[in-house]
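Notes follow once the structure below has been shown.
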Amino acid sequence: MLYRRVDELRERMTERLAGALRETGGTRQAQVERESAVARYAERVAKFDAAEHGLCFGRLDRRDERLYIGRIGVLDDEGDPLLIDWRAPAARPFYVATAAAPDGVRRRRHIATRNRQVVGLDDEVLDGDAAGEEGLIGEAALLAAVNAGRTGRMRDIVETLQAEQDEIIRSGPRGMLVVQGGPGTGKTAVALHRAAYLLYTHRRLAERGVLVVGPNATFLRYIGQVLPGLGETNVLLSTVGGLFPGVMADRAEPPATAEVKGRAMMADTVAAAVRDRQAPPRGPVEIAYGDETLRLEEEDYRRAARAALNGPVLHNQARRIFVRQVLDLLTRQVAERFEAVTLDDDGRPLDGSDGSGALGEADVRALLAAGYPQELLDADSAAEDDERPLLDEDDLAELRRELSAAPGVRAAIEELWPSLTPQRLLSDLFADPARLASAAPGLTDAERGLLR
(Lines give C-alpha, C1' and ligand atoms only; values in the text may rest on other atoms or scores of the structure.)
Protein backbone atom coordinates (compact mmCIF):
# COMPACT_ATOMS: atom_id res chain seq x y z
CA MET A 1 0.00 0.00 0.00
CA LEU A 2 2.82 2.41 0.87
CA TYR A 3 4.66 1.75 -2.37
CA ARG A 4 1.47 2.25 -4.36
CA ARG A 5 0.96 5.59 -2.63
CA VAL A 6 4.55 6.66 -3.32
CA ASP A 7 4.19 5.65 -6.98
CA GLU A 8 1.03 7.72 -7.18
CA LEU A 9 2.67 10.79 -5.60
CA ARG A 10 5.78 10.43 -7.74
CA GLU A 11 3.70 10.26 -10.91
CA ARG A 12 1.75 13.32 -9.80
CA MET A 13 4.93 15.31 -9.11
CA THR A 14 6.51 14.13 -12.39
CA GLU A 15 3.50 15.41 -14.34
CA ARG A 16 3.64 18.77 -12.56
CA LEU A 17 7.37 19.00 -13.23
CA ALA A 18 6.86 18.27 -16.92
CA GLY A 19 4.09 20.88 -17.08
CA ALA A 20 6.26 23.52 -15.43
CA LEU A 21 9.13 22.76 -17.82
CA ARG A 22 6.84 23.20 -20.82
CA GLU A 23 5.83 26.72 -19.76
CA THR A 24 7.63 29.54 -21.55
CA GLY A 25 7.52 33.31 -21.71
CA GLY A 26 5.68 35.50 -19.27
CA THR A 27 6.87 38.28 -16.98
CA ARG A 28 10.05 38.15 -14.97
CA GLN A 29 8.02 37.31 -11.87
CA ALA A 30 6.28 34.47 -13.70
CA GLN A 31 9.66 33.09 -14.78
CA VAL A 32 10.96 33.19 -11.20
CA GLU A 33 7.83 31.42 -9.93
CA ARG A 34 8.20 28.78 -12.67
CA GLU A 35 11.84 28.15 -11.73
CA SER A 36 10.84 27.81 -8.09
CA ALA A 37 8.12 25.33 -8.99
CA VAL A 38 10.52 23.30 -11.16
CA ALA A 39 13.02 23.09 -8.29
CA ARG A 40 10.31 22.10 -5.81
CA TYR A 41 8.83 19.36 -8.01
CA ALA A 42 12.26 18.01 -8.95
CA GLU A 43 13.21 17.81 -5.28
CA ARG A 44 10.03 15.86 -4.46
CA VAL A 45 10.61 13.41 -7.33
CA ALA A 46 14.20 12.89 -6.16
CA LYS A 47 13.01 12.15 -2.62
CA PHE A 48 10.51 9.56 -3.82
CA ASP A 49 13.21 7.93 -5.94
CA ALA A 50 15.67 7.85 -3.02
CA ALA A 51 13.12 6.22 -0.73
CA GLU A 52 12.60 3.25 -3.04
CA HIS A 53 14.99 1.09 -1.04
CA GLY A 54 13.86 0.53 2.53
CA LEU A 55 10.83 2.81 2.32
CA CYS A 56 9.35 1.46 5.56
CA PHE A 57 11.69 -0.12 8.11
CA GLY A 58 9.88 0.07 11.42
CA ARG A 59 6.62 -0.02 13.34
CA LEU A 60 5.66 1.30 16.75
CA ASP A 61 2.75 -0.30 18.54
CA ARG A 62 1.30 1.91 21.23
CA ARG A 63 -1.70 1.14 23.35
CA ASP A 64 -3.95 3.33 21.21
CA GLU A 65 -2.24 3.58 17.81
CA ARG A 66 0.18 1.98 15.39
CA LEU A 67 2.79 4.05 13.57
CA TYR A 68 4.96 3.00 10.64
CA ILE A 69 8.42 4.57 10.46
CA GLY A 70 10.28 5.15 7.20
CA ARG A 71 12.73 7.24 5.23
CA ILE A 72 10.20 9.88 4.25
CA GLY A 73 6.78 10.96 5.44
CA VAL A 74 3.79 9.87 3.37
CA LEU A 75 0.25 11.23 3.76
CA ASP A 76 -3.03 10.09 2.29
CA ASP A 77 -5.32 12.39 0.35
CA GLU A 78 -6.98 13.55 3.59
CA GLY A 79 -3.63 14.51 5.11
CA ASP A 80 -3.46 11.64 7.59
CA PRO A 81 -0.02 10.06 8.05
CA LEU A 82 0.54 6.68 6.44
CA LEU A 83 4.29 6.69 7.09
CA ILE A 84 6.22 8.78 9.65
CA ASP A 85 9.54 10.32 8.62
CA TRP A 86 12.31 8.96 10.87
CA ARG A 87 13.28 12.54 11.77
CA ALA A 88 9.82 13.53 13.03
CA PRO A 89 9.36 13.85 16.83
CA ALA A 90 6.73 11.09 16.72
CA ALA A 91 9.38 8.66 15.44
CA ARG A 92 11.92 9.28 18.19
CA PRO A 93 10.65 6.48 20.50
CA PHE A 94 11.67 4.05 17.77
CA TYR A 95 15.28 4.87 18.68
CA VAL A 96 15.19 5.70 22.39
CA ALA A 97 12.41 3.63 23.97
CA THR A 98 13.61 0.85 26.28
CA ALA A 99 11.97 -1.73 28.50
CA ALA A 100 12.85 0.45 31.49
CA ALA A 101 11.48 3.59 29.81
CA PRO A 102 9.09 2.44 27.07
CA ASP A 103 7.63 5.92 26.45
CA GLY A 104 4.21 4.37 25.80
CA VAL A 105 5.54 1.84 23.27
CA ARG A 106 4.23 -1.72 23.56
CA ARG A 107 6.25 -3.20 20.77
CA ARG A 108 8.94 -2.02 18.38
CA ARG A 109 9.17 -3.89 15.11
CA HIS A 110 12.11 -3.75 12.70
CA ILE A 111 11.07 -4.57 9.14
CA ALA A 112 13.71 -5.82 6.69
CA THR A 113 12.94 -5.51 2.97
CA ARG A 114 14.59 -6.37 -0.31
CA ASN A 115 13.27 -4.36 -3.22
CA ARG A 116 9.54 -4.20 -2.38
CA GLN A 117 9.32 -7.44 -0.46
CA VAL A 118 9.41 -7.97 3.31
CA VAL A 119 12.15 -10.49 4.04
CA GLY A 120 12.39 -10.33 7.82
CA LEU A 121 10.87 -9.06 11.05
CA ASP A 122 12.44 -8.41 14.43
CA ASP A 123 10.22 -7.54 17.39
CA GLU A 124 11.14 -6.01 20.70
CA VAL A 125 8.34 -6.14 23.27
CA LEU A 126 8.92 -3.29 25.68
CA ASP A 127 5.77 -3.72 27.79
CA GLY A 128 6.33 -6.86 29.87
CA ASP A 129 2.63 -7.25 30.64
CA ALA A 130 1.85 -7.45 26.92
CA ALA A 131 4.55 -9.92 25.96
CA GLY A 132 2.37 -13.00 26.24
CA GLU A 133 3.51 -15.66 23.82
CA GLU A 134 5.27 -13.19 21.54
CA GLY A 135 8.46 -13.25 23.58
CA LEU A 136 11.36 -10.86 23.09
CA ILE A 137 13.58 -11.29 20.07
CA GLY A 138 15.87 -8.33 20.78
CA GLU A 139 18.60 -6.78 18.63
CA ALA A 140 18.57 -9.07 15.59
CA ALA A 141 18.25 -6.06 13.25
CA LEU A 142 21.35 -4.39 14.72
CA LEU A 143 23.37 -7.62 14.57
CA ALA A 144 22.29 -8.18 10.98
CA ALA A 145 23.46 -4.68 10.06
CA VAL A 146 26.82 -5.20 11.78
CA ASN A 147 27.36 -8.54 10.04
CA ALA A 148 26.20 -7.33 6.62
CA GLY A 149 28.70 -7.62 3.78
CA ARG A 150 30.71 -4.58 2.68
CA THR A 151 29.86 -2.92 -0.62
CA GLY A 152 32.57 -0.24 -0.91
CA ARG A 153 30.04 2.49 -0.10
CA MET A 154 28.88 3.75 3.27
CA ARG A 155 25.25 2.89 3.94
CA ASP A 156 22.88 4.89 6.08
CA ILE A 157 22.11 3.52 9.55
CA VAL A 158 18.66 5.04 9.85
CA GLU A 159 17.14 1.62 10.59
CA THR A 160 19.49 0.83 13.49
CA LEU A 161 20.37 4.15 15.13
CA GLN A 162 21.12 3.76 18.81
CA ALA A 163 19.87 6.09 21.54
CA GLU A 164 23.25 7.80 22.01
CA GLN A 165 23.57 8.40 18.27
CA ASP A 166 20.02 9.70 18.08
CA GLU A 167 20.76 12.19 20.87
CA ILE A 168 23.67 13.63 18.89
CA ILE A 169 21.67 13.74 15.67
CA ARG A 170 18.77 15.63 17.25
CA SER A 171 20.90 18.17 19.16
CA GLY A 172 20.04 21.84 18.64
CA PRO A 173 21.37 23.64 15.56
CA ARG A 174 23.24 26.47 17.27
CA GLY A 175 26.91 26.48 18.12
CA MET A 176 29.58 23.95 17.33
CA LEU A 177 29.05 20.26 18.05
CA VAL A 178 32.17 18.10 18.34
CA VAL A 179 31.85 14.31 18.23
CA GLN A 180 34.89 12.31 19.23
CA GLY A 181 35.51 8.59 18.92
CA GLY A 182 37.87 5.97 17.60
CA PRO A 183 37.94 4.70 14.01
CA GLY A 184 34.80 2.82 13.00
CA THR A 185 32.61 4.15 15.81
CA GLY A 186 30.14 5.80 13.43
CA LYS A 187 31.16 9.46 13.67
CA THR A 188 30.78 10.14 9.96
CA ALA A 189 27.47 8.29 9.70
CA VAL A 190 26.09 10.24 12.65
CA ALA A 191 27.26 13.53 11.12
CA LEU A 192 25.50 12.78 7.84
CA HIS A 193 22.31 11.75 9.58
CA ARG A 194 22.51 14.95 11.63
CA ALA A 195 22.71 16.97 8.41
CA ALA A 196 19.59 15.20 7.13
CA TYR A 197 17.81 15.82 10.43
CA LEU A 198 18.67 19.53 10.47
CA LEU A 199 17.49 19.96 6.89
CA TYR A 200 14.19 18.32 7.79
CA THR A 201 13.63 20.13 11.09
CA HIS A 202 14.99 23.57 10.18
CA ARG A 203 13.92 24.15 6.60
CA ARG A 204 15.68 27.53 6.37
CA LEU A 205 18.97 25.60 6.30
CA ALA A 206 17.98 24.14 2.94
CA GLU A 207 17.96 27.68 1.51
CA ARG A 208 21.37 28.48 2.99
CA GLY A 209 22.85 25.09 2.13
CA VAL A 210 24.83 22.43 3.97
CA LEU A 211 28.48 21.76 3.20
CA VAL A 212 30.17 18.45 4.04
CA VAL A 213 33.97 18.68 3.87
CA GLY A 214 35.98 15.47 3.55
CA PRO A 215 39.71 14.78 3.42
CA ASN A 216 39.81 13.49 -0.18
CA ALA A 217 37.71 12.51 -3.18
CA THR A 218 37.84 8.80 -2.29
CA PHE A 219 36.21 9.50 1.06
CA LEU A 220 33.49 11.59 -0.58
CA ARG A 221 32.71 8.79 -3.03
CA TYR A 222 32.48 6.38 -0.09
CA ILE A 223 29.89 8.50 1.76
CA GLY A 224 28.23 10.02 -1.31
CA GLN A 225 25.07 7.88 -1.31
CA VAL A 226 24.11 8.33 2.34
CA LEU A 227 22.29 11.66 2.17
CA PRO A 228 20.48 10.99 -1.13
CA GLY A 229 19.36 7.69 0.40
CA LEU A 230 17.86 9.70 3.25
CA GLY A 231 15.97 11.89 0.82
CA GLU A 232 18.22 14.96 1.06
CA THR A 233 19.80 16.39 -2.06
CA ASN A 234 20.50 20.00 -0.96
CA VAL A 235 23.97 19.16 0.33
CA LEU A 236 27.34 19.92 -1.23
CA LEU A 237 30.24 17.53 -0.64
CA SER A 238 33.74 18.89 -1.15
CA THR A 239 37.35 18.32 -0.22
CA VAL A 240 39.29 21.16 1.40
CA GLY A 241 41.04 21.76 -1.92
CA GLY A 242 37.71 21.91 -3.71
CA LEU A 243 36.74 24.97 -1.70
CA PHE A 244 39.34 26.98 -3.63
CA PRO A 245 38.83 26.44 -7.38
CA GLY A 246 42.03 26.63 -9.36
CA VAL A 247 44.28 25.99 -6.36
CA MET A 248 46.25 22.77 -6.64
CA ALA A 249 48.83 21.37 -4.24
CA ASP A 250 51.77 20.38 -6.43
CA ARG A 251 54.43 19.56 -3.85
CA ALA A 252 54.88 18.41 -0.26
CA GLU A 253 56.32 20.65 2.43
CA PRO A 254 59.52 19.63 4.20
CA PRO A 255 58.66 18.11 7.60
CA ALA A 256 60.06 21.07 9.56
CA THR A 257 58.02 23.57 7.52
CA ALA A 258 54.89 21.44 7.74
CA GLU A 259 55.26 21.32 11.52
CA VAL A 260 55.37 25.11 11.79
CA LYS A 261 52.46 25.63 9.37
CA GLY A 262 50.44 23.01 11.22
CA ARG A 263 50.55 24.82 14.56
CA ALA A 264 47.34 26.27 15.93
CA MET A 265 48.98 29.67 16.27
CA MET A 266 49.13 29.94 12.47
CA ALA A 267 45.42 30.79 12.53
CA ASP A 268 46.29 33.86 14.63
CA THR A 269 49.15 34.62 12.24
CA VAL A 270 46.85 34.66 9.23
CA ALA A 271 44.32 36.86 11.09
CA ALA A 272 47.11 39.27 12.05
CA ALA A 273 48.33 39.36 8.45
CA VAL A 274 44.85 40.44 7.33
CA ARG A 275 44.70 43.14 10.00
CA ASP A 276 48.11 44.41 8.91
CA ARG A 277 46.70 44.98 5.41
CA GLN A 278 44.13 47.31 7.04
CA ALA A 279 46.68 49.31 9.05
CA PRO A 280 46.42 53.13 8.72
CA PRO A 281 49.10 54.99 6.79
CA ARG A 282 51.71 57.05 8.59
CA GLY A 283 50.67 60.57 7.79
CA PRO A 284 48.58 61.90 4.90
CA VAL A 285 48.31 60.13 1.56
CA GLU A 286 48.62 62.15 -1.64
CA ILE A 287 46.55 60.84 -4.55
CA ALA A 288 47.14 61.83 -8.17
CA TYR A 289 43.98 62.83 -10.05
CA GLY A 290 44.61 64.30 -13.47
CA ASP A 291 46.68 67.46 -12.98
CA GLU A 292 45.58 67.70 -9.36
CA THR A 293 46.72 66.08 -6.14
CA LEU A 294 44.07 65.02 -3.66
CA ARG A 295 44.86 64.42 -0.02
CA LEU A 296 43.63 61.73 2.38
CA GLU A 297 44.48 62.51 5.99
CA GLU A 298 45.25 59.75 8.47
CA GLU A 299 42.12 60.61 10.45
CA ASP A 300 40.06 60.37 7.25
CA TYR A 301 41.44 56.87 6.73
CA ARG A 302 40.65 55.85 10.31
CA ARG A 303 37.09 57.13 9.97
CA ALA A 304 36.56 55.16 6.74
CA ALA A 305 38.12 52.04 8.28
CA ARG A 306 35.86 52.24 11.36
CA ALA A 307 32.81 52.45 9.11
CA ALA A 308 34.04 49.48 7.06
CA LEU A 309 34.70 47.29 10.09
CA ASN A 310 31.49 48.17 11.92
CA GLY A 311 30.20 44.63 12.31
CA PRO A 312 31.33 41.03 11.73
CA VAL A 313 32.45 41.53 8.12
CA LEU A 314 35.34 39.92 6.29
CA HIS A 315 38.21 41.87 4.77
CA ASN A 316 36.97 41.91 1.17
CA GLN A 317 33.40 42.69 2.25
CA ALA A 318 34.66 45.57 4.39
CA ARG A 319 36.72 46.80 1.43
CA ARG A 320 33.57 47.71 -0.50
CA ILE A 321 32.44 49.93 2.37
CA PHE A 322 35.92 51.44 2.72
CA VAL A 323 36.09 52.27 -1.00
CA ARG A 324 32.68 53.93 -0.85
CA GLN A 325 33.74 56.05 2.13
CA VAL A 326 36.99 57.15 0.50
CA LEU A 327 35.30 57.99 -2.82
CA ASP A 328 32.70 60.07 -0.99
CA LEU A 329 35.45 62.02 0.74
CA LEU A 330 37.45 62.59 -2.46
CA THR A 331 34.30 63.60 -4.32
CA ARG A 332 33.63 66.29 -1.71
CA GLN A 333 37.21 67.53 -2.07
CA VAL A 334 36.95 67.94 -5.84
CA ALA A 335 33.47 69.47 -5.60
CA GLU A 336 34.67 72.04 -3.10
CA ARG A 337 37.48 73.01 -5.42
CA PHE A 338 35.06 73.50 -8.29
CA GLU A 339 32.76 75.63 -6.19
CA ALA A 340 35.49 77.74 -4.60
CA VAL A 341 35.91 81.32 -5.78
CA THR A 342 39.34 82.05 -7.25
CA LEU A 343 41.20 84.53 -5.00
CA ASP A 344 44.39 86.49 -5.43
CA ASP A 345 47.31 86.52 -2.98
CA ASP A 346 45.54 89.14 -0.84
CA GLY A 347 42.36 87.08 -0.61
CA ARG A 348 40.38 89.25 -3.04
CA PRO A 349 38.27 87.71 -5.83
CA LEU A 350 40.16 87.80 -9.10
CA ASP A 351 37.18 89.29 -10.93
CA GLY A 352 36.57 91.95 -8.33
CA SER A 353 33.32 90.37 -7.03
CA ASP A 354 32.27 90.70 -3.42
CA GLY A 355 33.58 87.31 -2.22
CA SER A 356 30.11 86.00 -1.35
CA GLY A 357 30.73 82.73 -3.16
CA ALA A 358 29.16 83.62 -6.48
CA LEU A 359 31.22 82.76 -9.53
CA GLY A 360 32.72 85.73 -11.29
CA GLU A 361 33.84 85.91 -14.90
CA ALA A 362 37.41 84.95 -14.06
CA ASP A 363 36.18 81.91 -12.14
CA VAL A 364 34.06 80.83 -15.08
CA ARG A 365 37.00 81.23 -17.47
CA ALA A 366 39.23 79.18 -15.17
CA LEU A 367 36.72 76.35 -14.92
CA LEU A 368 36.13 76.32 -18.68
CA ALA A 369 39.88 76.12 -19.25
CA ALA A 370 39.95 73.12 -16.90
CA GLY A 371 37.37 71.39 -19.12
CA TYR A 372 34.27 71.90 -16.97
CA PRO A 373 30.99 71.72 -19.00
CA GLN A 374 29.69 75.04 -20.31
CA GLU A 375 26.05 74.26 -19.48
CA LEU A 376 26.88 74.08 -15.79
CA LEU A 377 28.53 77.47 -15.86
CA ASP A 378 25.79 79.55 -17.41
CA ALA A 379 26.47 83.05 -16.12
CA ASP A 380 22.82 84.08 -16.09
CA SER A 381 21.78 81.04 -13.99
CA ALA A 382 24.57 81.69 -11.56
CA ALA A 383 23.54 85.30 -11.21
CA GLU A 384 19.88 84.38 -10.61
CA ASP A 385 20.52 81.70 -7.98
CA ASP A 386 23.71 82.47 -6.07
CA GLU A 387 22.87 80.13 -3.18
CA ARG A 388 22.32 77.01 -5.28
CA PRO A 389 25.38 74.64 -5.25
CA LEU A 390 27.27 74.63 -8.52
CA LEU A 391 27.18 70.78 -8.58
CA ASP A 392 23.86 68.98 -8.20
CA GLU A 393 23.38 65.32 -7.28
CA ASP A 394 23.79 64.10 -10.84
CA ASP A 395 27.02 66.05 -11.21
CA LEU A 396 28.37 64.59 -7.97
CA ALA A 397 27.45 61.06 -9.09
CA GLU A 398 29.28 61.57 -12.39
CA LEU A 399 32.28 63.02 -10.57
CA ARG A 400 32.31 60.02 -8.25
CA ARG A 401 32.32 57.62 -11.22
CA GLU A 402 35.24 59.50 -12.75
CA LEU A 403 37.18 59.28 -9.50
CA SER A 404 36.51 55.56 -9.13
CA ALA A 405 37.94 54.97 -12.62
CA ALA A 406 40.96 57.23 -12.23
CA PRO A 407 44.22 55.17 -12.21
CA GLY A 408 45.77 57.18 -9.38
CA VAL A 409 42.73 56.81 -7.15
CA ARG A 410 42.43 53.08 -7.85
CA ALA A 411 46.12 52.51 -7.12
CA ALA A 412 45.91 54.42 -3.85
CA ILE A 413 42.84 52.48 -2.67
CA GLU A 414 44.46 49.16 -3.60
CA GLU A 415 47.50 50.13 -1.56
CA LEU A 416 45.43 51.25 1.43
CA TRP A 417 42.97 48.32 1.48
CA PRO A 418 43.89 45.66 -1.09
CA SER A 419 41.51 43.04 -2.41
CA LEU A 420 42.94 39.78 -1.11
CA THR A 421 42.74 36.15 -2.12
CA PRO A 422 44.11 33.42 0.16
CA GLN A 423 46.93 32.89 -2.33
CA ARG A 424 47.89 36.56 -2.45
CA LEU A 425 47.73 36.99 1.32
CA LEU A 426 50.04 34.05 2.00
CA SER A 427 52.36 34.82 -0.92
CA ASP A 428 52.82 38.40 0.28
CA LEU A 429 53.19 37.25 3.89
CA PHE A 430 55.80 34.56 3.31
CA ALA A 431 57.78 36.66 0.81
CA ASP A 432 58.16 39.70 3.06
CA PRO A 433 60.25 39.26 6.26
CA ALA A 434 58.80 42.45 7.75
CA ARG A 435 55.20 41.35 7.21
CA LEU A 436 55.97 37.90 8.63
CA ALA A 437 57.70 39.33 11.70
CA SER A 438 54.70 41.60 12.36
CA ALA A 439 52.10 38.85 11.93
CA ALA A 440 54.03 36.06 13.72
CA PRO A 441 56.01 37.59 16.59
CA GLY A 442 55.83 34.29 18.46
CA LEU A 443 58.03 32.52 15.92
CA THR A 444 61.78 32.54 16.06
CA ASP A 445 63.84 33.91 13.18
CA ALA A 446 64.73 30.35 12.22
CA GLU A 447 61.07 29.27 12.18
CA ARG A 448 60.07 32.29 10.11
CA GLY A 449 62.88 31.41 7.75
CA LEU A 450 61.24 28.01 7.12
CA LEU A 451 58.11 29.76 5.86
CA ARG A 452 59.85 31.94 3.30
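Note on naming: chains are A, B, ... as they come in the C-alpha coordinates, residues start from 1 per chain, ligands start from 1 in the order shown.
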Legend entry - DSSP-assigned strand (DSSP E) among range 127-282 of chain A, expressed as a ChimeraX atom specification: /A:210-214,235-239
With only C-alpha atoms as the counted atoms, please give the residues lying no more than 6 Å from Arg107 in chain A, apart from itself and same-chain residues fewer than 5 positions off, as a CSV table (one decimal) with N, CA, C and O atoms, in the first residue's frame.
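So selection-v5.csv came out as:
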```
chain,number,residue,atom,x,y,z
A,61,ASP,N,4.1,0.0,18.0
A,61,ASP,CA,2.8,-0.3,18.5
A,61,ASP,C,2.6,0.3,19.9
A,61,ASP,O,3.3,0.0,20.9
A,124,GLU,N,10.7,-6.2,19.3
A,124,GLU,CA,11.1,-6.0,20.7
A,124,GLU,C,9.9,-5.6,21.5
A,124,GLU,O,9.3,-4.6,21.2
A,125,VAL,N,9.5,-6.4,22.4
A,125,VAL,CA,8.3,-6.1,23.3
A,125,VAL,C,8.8,-5.4,24.5
A,125,VAL,O,9.6,-5.9,25.3
A,126,LEU,N,8.4,-4.2,24.6
A,126,LEU,CA,8.9,-3.3,25.7
A,126,LEU,C,8.0,-3.3,26.9
A,126,LEU,O,8.4,-2.8,28.0
```
Quick one: contact table of range 24-143 of chain A to range 202-225 of chain A, 12 Å max, nearest atom pair and distance in Å to one decimal per residue, counting only C-alpha atoms, chain and number order, as a tab-separated table?
```
residue	atom	partner	partner_atom	distance
A:Ser36	CA	A:Glu207	CA	12.0
A:Ala39	CA	A:Glu207	CA	11.9
A:Arg40	CA	A:Ala206	CA	11.8
A:Glu43	CA	A:Ala206	CA	11.4
A:Ala50	CA	A:Gln225	CA	9.6
A:Arg87	CA	A:His202	CA	11.3
A:Ala88	CA	A:His202	CA	11.6
```
Inset, instruction - Measure the distance from CA of Arg319 in chain A to CA of Phe338 in chain A in Å and round it to one decimal. - result: 28.5 Å
Inset, instruction - Do a neighbour search on range 433-449 of chain A at 8 Å with only C-alpha atoms, toss out local chain neighbours closer than 4 positions, and write the hits as a PyMOL selection string. - result: chain A and resi 257+260+266+269-270+272-273+276+428-429
With all heavy atoms retained, write the just-selected residues as a short mmCIF file (atom, residue, chain, number, x, y, z; two decimals), in the first residue's frame.
```
data_model
loop_
_atom_site.label_atom_id
_atom_site.label_comp_id
_atom_site.auth_asym_id
_atom_site.auth_seq_id
_atom_site.Cartn_x
_atom_site.Cartn_y
_atom_site.Cartn_z
N THR A 257 58.94 22.51 7.93
CA THR A 257 58.02 23.57 7.52
C THR A 257 56.58 23.17 7.80
O THR A 257 55.77 23.98 8.27
CB THR A 257 58.21 23.88 6.03
OG1 THR A 257 59.56 24.25 5.79
CG2 THR A 257 57.28 24.99 5.58
N VAL A 260 55.65 23.73 11.43
CA VAL A 260 55.37 25.11 11.79
C VAL A 260 54.01 25.55 11.25
O VAL A 260 53.20 26.15 11.96
CB VAL A 260 56.49 26.05 11.27
CG1 VAL A 260 56.13 27.51 11.55
CG2 VAL A 260 57.82 25.70 11.92
N MET A 266 49.13 29.41 13.83
CA MET A 266 49.13 29.94 12.47
C MET A 266 47.79 30.57 12.11
O MET A 266 47.72 31.46 11.26
CB MET A 266 49.47 28.83 11.47
CG MET A 266 50.94 28.44 11.45
SD MET A 266 52.05 29.82 11.07
CE MET A 266 51.59 30.19 9.38
N THR A 269 48.22 33.96 13.16
CA THR A 269 49.15 34.62 12.24
C THR A 269 48.43 35.11 10.99
O THR A 269 48.63 36.25 10.54
CB THR A 269 50.29 33.66 11.86
OG1 THR A 269 51.02 33.30 13.03
CG2 THR A 269 51.23 34.29 10.85
N VAL A 270 47.59 34.27 10.43
CA VAL A 270 46.85 34.66 9.23
C VAL A 270 45.91 35.83 9.55
O VAL A 270 45.80 36.80 8.78
CB VAL A 270 46.07 33.46 8.67
CG1 VAL A 270 45.11 33.91 7.56
CG2 VAL A 270 47.02 32.40 8.14
N ALA A 272 46.29 38.07 11.88
CA ALA A 272 47.11 39.27 12.05
C ALA A 272 47.59 39.81 10.71
O ALA A 272 47.68 41.03 10.51
CB ALA A 272 48.30 38.94 12.96
N ALA A 273 47.90 38.92 9.78
CA ALA A 273 48.33 39.36 8.45
C ALA A 273 47.22 40.13 7.74
O ALA A 273 47.49 41.11 7.04
CB ALA A 273 48.76 38.15 7.62
N ASP A 276 47.00 43.56 9.35
CA ASP A 276 48.11 44.41 8.91
C ASP A 276 47.81 45.07 7.56
O ASP A 276 48.31 46.17 7.28
CB ASP A 276 49.40 43.60 8.81
CG ASP A 276 49.99 43.28 10.18
OD1 ASP A 276 49.55 43.92 11.18
OD2 ASP A 276 50.86 42.40 10.27
N ASP A 428 52.25 37.14 -0.21
CA ASP A 428 52.82 38.40 0.28
C ASP A 428 53.41 38.22 1.67
O ASP A 428 54.47 38.78 2.00
CB ASP A 428 51.75 39.49 0.31
CG ASP A 428 51.30 39.91 -1.08
OD1 ASP A 428 51.94 39.50 -2.06
OD2 ASP A 428 50.29 40.64 -1.17
N LEU A 429 52.73 37.43 2.51
CA LEU A 429 53.19 37.25 3.89
C LEU A 429 54.52 36.51 3.93
O LEU A 429 55.47 36.96 4.59
CB LEU A 429 52.13 36.49 4.67
CG LEU A 429 52.47 36.11 6.12
CD1 LEU A 429 52.66 37.36 6.96
CD2 LEU A 429 51.40 35.21 6.71
#
```
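Proximity ranking of A:Asp7, A:Glu78, A:Glu393, A:Glu33 relative to Thr331 in chain A places A:Glu393 first, based on only C-alpha atoms.
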